[in-house]
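Participant: Below: one structure in structure tokens.
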Amino acid sequence: MSAPSIQKYFLAKLVVVFIYVYIGNTIPIVVNTWPFTEATIKGWNVIANNGSALDAVEQGGSVCEEFGKCATSVGYGADPDEIGETTLDAMIMDGTSHDVGAVGDLRRVKSALSVARAVLEYTTHTFLVGESATNFAAEMGFSVVDLHSNFSTQQFKSWRKANCQPNYRQNVAPDPTKSCGPYQPVKRRARRQVERSSRVSPWVDENNHDTIGLIAIDKDGNIAGGTTTNGMNHKVPGRVGDSPVAGAGAYVDKDIGGAAGTGDGDVMMRFLPAYQTVSYMEQGLTPADAAERSINRILKYYPTFSGAVVAVNLKGDHGGACHGFDLFPYSVQSAQLQNVTVYNVTCIKKYVKYSASDRKESNYFNLIDWISRFILYYTQNV
Ligand code: SD4
């Protein structure tokens, strides 16, 4: 292209970007994992009333911490650990400042997401855990209460009656596939080789899931993300999953977008899929393609893992990817939608080896480029 043509091309591109940004915009937006639409609506109402993305994530996610609101799978009163106690993990991240607050293995406090927000607001730390997180919460004015319910007591009793099956132990005696503990380590030479590919996480599918992950972009374009969960049913006491870990459970960046994950957290946190998805979006991939690539990276090492990622970019384009079950529903409310809408993603079936050049660009950028070239051609030839 000649110099004047290049100038015209960039001018045309500027005009198209301007039009696209102001007409095609779907922000503000609230996106969350699973069909937990009450949480989406709450987050959306915060934003519609000029609230911040951070408040939308906190208040939206907190809806699911009420017992029974999100299929009993977030918050107190369900999915107890090996000793029958429900413990909570949560995090919240501000994509503008990259400030994060998180709690893991939180005991006897219901509002895990708000405690995570308190870590962000009232400390310069990122992550508090266990009894000390409970003490911090009490200091900040949260009530300390019993998190058992009749439901969680019954879950625990049934599990004990079934010889503590399933559980997360390996290379211990007595045989954890047949017996309850207490367990002791078996000698190194007698250990069974546990194959990664044989790892299954039978408690995570579209009907049995534990985490709400949310991403919100407010009217000022600020982005925030967060998660809250009671983790894995019958976990080893002290276990903290992926959800409260920034980059694993959720990640947001004011210049790119955000992502949140759900699924087998012990595997997922080894790959930081939320960070990876945001990073792929930065390279120009659509949210759906970025999420798919992140899930695919995990499949290379854990071909039977179960999990999902949902993502949104700054334009409000959203998408998701999953593996280990059939469909992954996620919920959206945005400036362009009349009502909260649940989208269903069909899960990928197996690992795909991509070549370096095999990269789908964001449709948004393709479209702008295509229209700019058309305007240039038109102004030169007509
Ligand atoms: C965890 N990722 O603690 C959570 C559980 C979950 O759908 O998301 N289940 O491992």
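A note on labels: chains of the structure tokens are A, B, ... as shown, every chain counts residues from 1, and ligands are counted from 1 in their shown order.
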Would you list the residues that come within 8 Å of ligand 1? Count only C-alpha atoms and all ligand atoms and give the answer as a list of chain:residue names.
Facilitator: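 What falls inside 8 Å of ligand 1 is A:Asp89, A:Trp203, A:Val204, A:Asp205, A:Asn208, A:His209, A:Asp210, A:Thr211, A:Ile212, A:Thr229, A:Asn230, A:Gly231, A:Met232, A:Val240, A:Gly241, A:Asp242, A:Ser243, A:Gly249, A:Gly261, A:Thr262, A:Gly263, A:Asp264, A:Gly265, A:Asp266, A:Met268, A:Gly307.
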Participant: Write the residues of the selection above to a file with C-alpha atoms, as a PDB file, in the first residue's frame.
Facilitator:
ATOM      1  CA  ASP A  89     -12.961 -21.336  49.701  1.00  0.00           C
ATOM      2  CA  TRP A 203     -18.347 -35.908  41.639  1.00  0.00           C
ATOM      3  CA  VAL A 204     -18.017 -33.155  39.064  1.00  0.00           C
ATOM      4  CA  ASP A 205     -20.500 -33.035  36.217  1.00  0.00           C
ATOM      5  CA  ASN A 208     -23.085 -32.159  40.592  1.00  0.00           C
ATOM      6  CA  HIS A 209     -20.910 -29.100  40.852  1.00  0.00           C
ATOM      7  CA  ASP A 210     -19.672 -26.894  43.593  1.00  0.00           C
ATOM      8  CA  THR A 211     -18.373 -23.576  42.420  1.00  0.00           C
ATOM      9  CA  ILE A 212     -19.800 -20.333  41.229  1.00  0.00           C
ATOM     10  CA  THR A 229     -17.361 -22.896  46.848  1.00  0.00           C
ATOM     11  CA  ASN A 230     -17.447 -25.562  49.501  1.00  0.00           C
ATOM     12  CA  GLY A 231     -14.954 -27.550  47.433  1.00  0.00           C
ATOM     13  CA  MET A 232     -14.997 -31.296  46.981  1.00  0.00           C
ATOM     14  CA  VAL A 240      -7.917 -25.984  49.519  1.00  0.00           C
ATOM     15  CA  GLY A 241      -8.972 -26.205  45.865  1.00  0.00           C
ATOM     16  CA  ASP A 242      -8.403 -24.072  42.801  1.00  0.00           C
ATOM     17  CA  SER A 243     -11.269 -21.653  43.403  1.00  0.00           C
ATOM     18  CA  GLY A 249     -10.350 -20.138  40.020  1.00  0.00           C
ATOM     19  CA  GLY A 261     -13.082 -22.120  36.215  1.00  0.00           C
ATOM     20  CA  THR A 262     -15.006 -24.951  37.831  1.00  0.00           C
ATOM     21  CA  GLY A 263     -14.312 -28.655  38.141  1.00  0.00           C
ATOM     22  CA  ASP A 264     -11.632 -30.926  39.554  1.00  0.00           C
ATOM     23  CA  GLY A 265      -9.663 -28.224  41.321  1.00  0.00           C
ATOM     24  CA  ASP A 266      -6.762 -30.406  42.391  1.00  0.00           C
ATOM     25  CA  MET A 268      -7.041 -27.498  37.423  1.00  0.00           C
ATOM     26  CA  GLY A 307     -13.902 -29.200  34.406  1.00  0.00           C
TER      27      GLY A 307
END
Participant: Per DSSP on the backbone, filter segment 90-331 of chain A down to the residues in helix (DSSP H, G or I) and report them as a PyMOL selection string.
Facilitator: chain A and resi 112-122+130-139+150-161+188-190+196-198+265-268+273-282+287-301
Participant: Mind listing the strand (DSSP E or B) residues of segment 202-350 of chain A, per DSSP on the backbone, as a PyMOL selection string?
Facilitator: chain A and resi 205+208+211-217+223-229+246+250-253+257-263+307-313+318-323+327-334+341-346+348
Participant: Let me make sure I understand: among A:Arg108, A:Gly84, A:Lys353, A:Gln59, which one has the smallest atom-to-atom distance to Asn150 of chain A if we use only C-alpha atoms?
Facilitator: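 Checking each candidate against Asn150 of chain A, we get A:Gly84 as the closest.
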Participant: Any idea what's packed within 9 Å of Ile83 of chain A, counting only C-alpha atoms, ignoring anything in its chain fewer than 4 positions away? Could you give it as a PyMOL selection string?
Facilitator: chain A and resi 156+234+236-237
Participant: Filtering to N, CA and C atoms, could you give me those residues as a PDB file, in the first residue's frame?
Facilitator:
ATOM      1  N   PHE A 156     -22.584 -37.082  55.352  1.00  0.00           N
ATOM      2  CA  PHE A 156     -21.428 -37.624  56.059  1.00  0.00           C
ATOM      3  C   PHE A 156     -21.710 -39.043  56.559  1.00  0.00           C
ATOM      4  N   HIS A 234     -16.237 -34.733  50.806  1.00  0.00           N
ATOM      5  CA  HIS A 234     -15.376 -35.729  51.482  1.00  0.00           C
ATOM      6  C   HIS A 234     -13.886 -35.460  51.315  1.00  0.00           C
ATOM      7  N   VAL A 236     -10.047 -34.276  52.069  1.00  0.00           N
ATOM      8  CA  VAL A 236      -9.165 -34.428  53.225  1.00  0.00           C
ATOM      9  C   VAL A 236      -9.187 -33.088  53.978  1.00  0.00           C
ATOM     10  N   PRO A 237      -9.390 -33.103  55.291  1.00  0.00           N
ATOM     11  CA  PRO A 237      -9.426 -31.822  56.026  1.00  0.00           C
ATOM     12  C   PRO A 237      -8.178 -30.984  55.755  1.00  0.00           C
TER      13      PRO A 237
END
Participant: At a cut-off of 9 Å, using only C-alpha atoms, what residues contact Gly104 of chain A? Leave out same-chain residues fewer than 4 positions from it and give the result as a PyMOL selection string.
Facilitator: chain A and resi 87-91+112+127-130+133+238-241+243-245
Participant: Take the selection from the previous step and output its residues with N, CA and C atoms, as an mmCIF file, in the first residue's frame.
Facilitator:
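Dumped to result-v2.cif:
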data_model
loop_
_atom_site.group_PDB
_atom_site.id
_atom_site.type_symbol
_atom_site.label_atom_id
_atom_site.label_comp_id
_atom_site.auth_asym_id
_atom_site.auth_seq_id
_atom_site.Cartn_x
_atom_site.Cartn_y
_atom_site.Cartn_z
ATOM 1 N N THR A 87 -16.229 -26.716 54.871
ATOM 2 C CA THR A 87 -15.279 -25.597 54.901
ATOM 3 C C THR A 87 -15.338 -24.881 53.546
ATOM 4 N N LEU A 88 -15.032 -23.608 53.542
ATOM 5 C CA LEU A 88 -15.305 -22.791 52.356
ATOM 6 C C LEU A 88 -14.043 -22.156 51.763
ATOM 7 N N ASP A 89 -14.030 -22.026 50.437
ATOM 8 C CA ASP A 89 -12.961 -21.336 49.701
ATOM 9 C C ASP A 89 -13.604 -20.209 48.875
ATOM 10 N N ALA A 90 -12.971 -19.054 48.816
ATOM 11 C CA ALA A 90 -13.509 -17.964 47.989
ATOM 12 C C ALA A 90 -12.417 -16.960 47.639
ATOM 13 N N MET A 91 -12.599 -16.265 46.543
ATOM 14 C CA MET A 91 -11.664 -15.179 46.195
ATOM 15 C C MET A 91 -12.389 -14.105 45.399
ATOM 16 N N ALA A 112 -18.209 -16.495 52.820
ATOM 17 C CA ALA A 112 -16.796 -16.636 52.424
ATOM 18 C C ALA A 112 -16.353 -15.557 51.434
ATOM 19 N N PHE A 127 -4.167 -13.868 50.717
ATOM 20 C CA PHE A 127 -4.797 -15.162 50.967
ATOM 21 C C PHE A 127 -4.674 -15.520 52.448
ATOM 22 N N LEU A 128 -5.806 -15.735 53.142
ATOM 23 C CA LEU A 128 -5.777 -16.219 54.529
ATOM 24 C C LEU A 128 -6.463 -17.584 54.589
ATOM 25 N N VAL A 129 -5.982 -18.465 55.470
ATOM 26 C CA VAL A 129 -6.544 -19.824 55.498
ATOM 27 C C VAL A 129 -6.870 -20.308 56.910
ATOM 28 N N GLY A 130 -7.762 -21.322 56.947
ATOM 29 C CA GLY A 130 -8.051 -22.110 58.141
ATOM 30 C C GLY A 130 -8.581 -21.298 59.316
ATOM 31 N N ALA A 133 -8.096 -17.618 59.341
ATOM 32 C CA ALA A 133 -9.026 -16.859 58.486
ATOM 33 C C ALA A 133 -10.331 -16.636 59.245
ATOM 34 N N GLY A 238 -8.404 -29.719 55.515
ATOM 35 C CA GLY A 238 -7.285 -28.815 55.213
ATOM 36 C C GLY A 238 -7.101 -28.578 53.721
ATOM 37 N N ARG A 239 -7.768 -29.412 52.904
ATOM 38 C CA ARG A 239 -7.621 -29.269 51.448
ATOM 39 C C ARG A 239 -8.204 -27.933 50.965
ATOM 40 N N VAL A 240 -7.432 -27.203 50.173
ATOM 41 C CA VAL A 240 -7.917 -25.984 49.519
ATOM 42 C C VAL A 240 -7.854 -26.249 48.022
ATOM 43 N N GLY A 241 -8.917 -25.919 47.305
ATOM 44 C CA GLY A 241 -8.972 -26.205 45.865
ATOM 45 C C GLY A 241 -8.459 -25.054 45.027
ATOM 46 N N SER A 243 -10.376 -22.822 43.474
ATOM 47 C CA SER A 243 -11.269 -21.653 43.403
ATOM 48 C C SER A 243 -10.700 -20.382 44.030
ATOM 49 N N PRO A 244 -10.029 -20.449 45.200
ATOM 50 C CA PRO A 244 -9.544 -19.190 45.787
ATOM 51 C C PRO A 244 -8.185 -18.753 45.244
ATOM 52 N N VAL A 245 -7.616 -19.529 44.336
ATOM 53 C CA VAL A 245 -6.275 -19.210 43.831
ATOM 54 C C VAL A 245 -6.399 -18.320 42.592
#
Participant: Rank A:Pro80, A:Glu85, A:Lys110, A:Lys42 by their smallest atom-to-atom distance to Glu65 of chain A, using only C-alpha atoms, and report the top residue only.
Facilitator: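 For Glu65 of chain A, the nearest of the candidates is A:Lys110.
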Participant: Between atom CA of Gly247 of chain A and atom CA of Arg107 of chain A, what is the spacing in Å?
Facilitator: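 Going from atom CA of Arg107 of chain A over to atom CA of Gly247 of chain A, I get 23.5 Å.
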Participant: Expressed in Å to a single decimal, how great is the separation between atom CA of Phe142 of chain A and atom CA of Ser111 of chain A?
Facilitator: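 Going from atom CA of Phe142 of chain A over to atom CA of Ser111 of chain A, I get 7.9 Å.
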Participant: Please report the interatomic distance between atom CA of Pro185 of chain A and atom CA of Asn163 of chain A in Å with one decimal.
Facilitator: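 The value is 18.7 Å.
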Participant: Neighbours of Glu292 of chain A within 12 Å (only C-alpha atoms; same-chain residues fewer than 5 positions away dropped), as a PyMOL selection string?
Facilitator: chain A and resi 259+261+273-274+276-278+280-281+285-287+297-299+307-311+319-323+345-352+354+359-360
Participant: Keeping only C-alpha atoms, take the residues you just selected and write them out as a tab-separated table (two decimals), in the first residue's frame.
Facilitator:
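Just written: out_39.tsv:
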chain	number	residue	atom	x	y	z
A	259	ALA	CA	-12.18	-16.02	33.04
A	261	GLY	CA	-13.08	-22.12	36.21
A	273	PRO	CA	-6.63	-22.12	33.47
A	274	ALA	CA	-8.26	-18.75	34.22
A	276	GLN	CA	-4.14	-19.04	30.72
A	277	THR	CA	-7.49	-18.18	29.11
A	278	VAL	CA	-7.00	-14.44	29.69
A	280	TYR	CA	-4.83	-16.51	25.13
A	281	MET	CA	-7.42	-13.71	24.73
A	285	LEU	CA	-8.27	-15.55	20.55
A	286	THR	CA	-12.01	-15.37	21.12
A	287	PRO	CA	-13.20	-16.21	24.65
A	297	ARG	CA	-3.64	-28.04	27.90
A	298	ILE	CA	-4.97	-29.91	30.94
A	299	LEU	CA	-6.18	-32.83	28.81
A	307	GLY	CA	-13.90	-29.20	34.41
A	308	ALA	CA	-14.93	-26.07	32.58
A	309	VAL	CA	-13.86	-22.48	31.96
A	310	VAL	CA	-16.05	-19.49	31.08
A	311	ALA	CA	-14.54	-16.30	29.65
A	319	GLY	CA	-17.73	-18.27	25.59
A	320	GLY	CA	-16.73	-21.39	27.42
A	321	ALA	CA	-15.25	-24.84	27.14
A	322	CYS	CA	-15.46	-28.03	29.16
A	323	HIS	CA	-14.42	-31.67	29.39
A	345	VAL	CA	-21.43	-25.33	25.68
A	346	THR	CA	-20.88	-28.82	24.25
A	347	CYS	CA	-17.83	-30.29	25.94
A	348	ILE	CA	-14.74	-31.28	23.99
A	349	LYS	CA	-14.10	-34.99	23.79
A	350	LYS	CA	-10.34	-35.36	23.66
A	351	TYR	CA	-6.96	-33.64	23.56
A	352	VAL	CA	-6.11	-31.85	20.29
A	354	TYR	CA	-2.50	-27.58	17.83
A	359	ARG	CA	-4.82	-19.94	15.69
A	360	LYS	CA	-8.26	-18.46	15.30
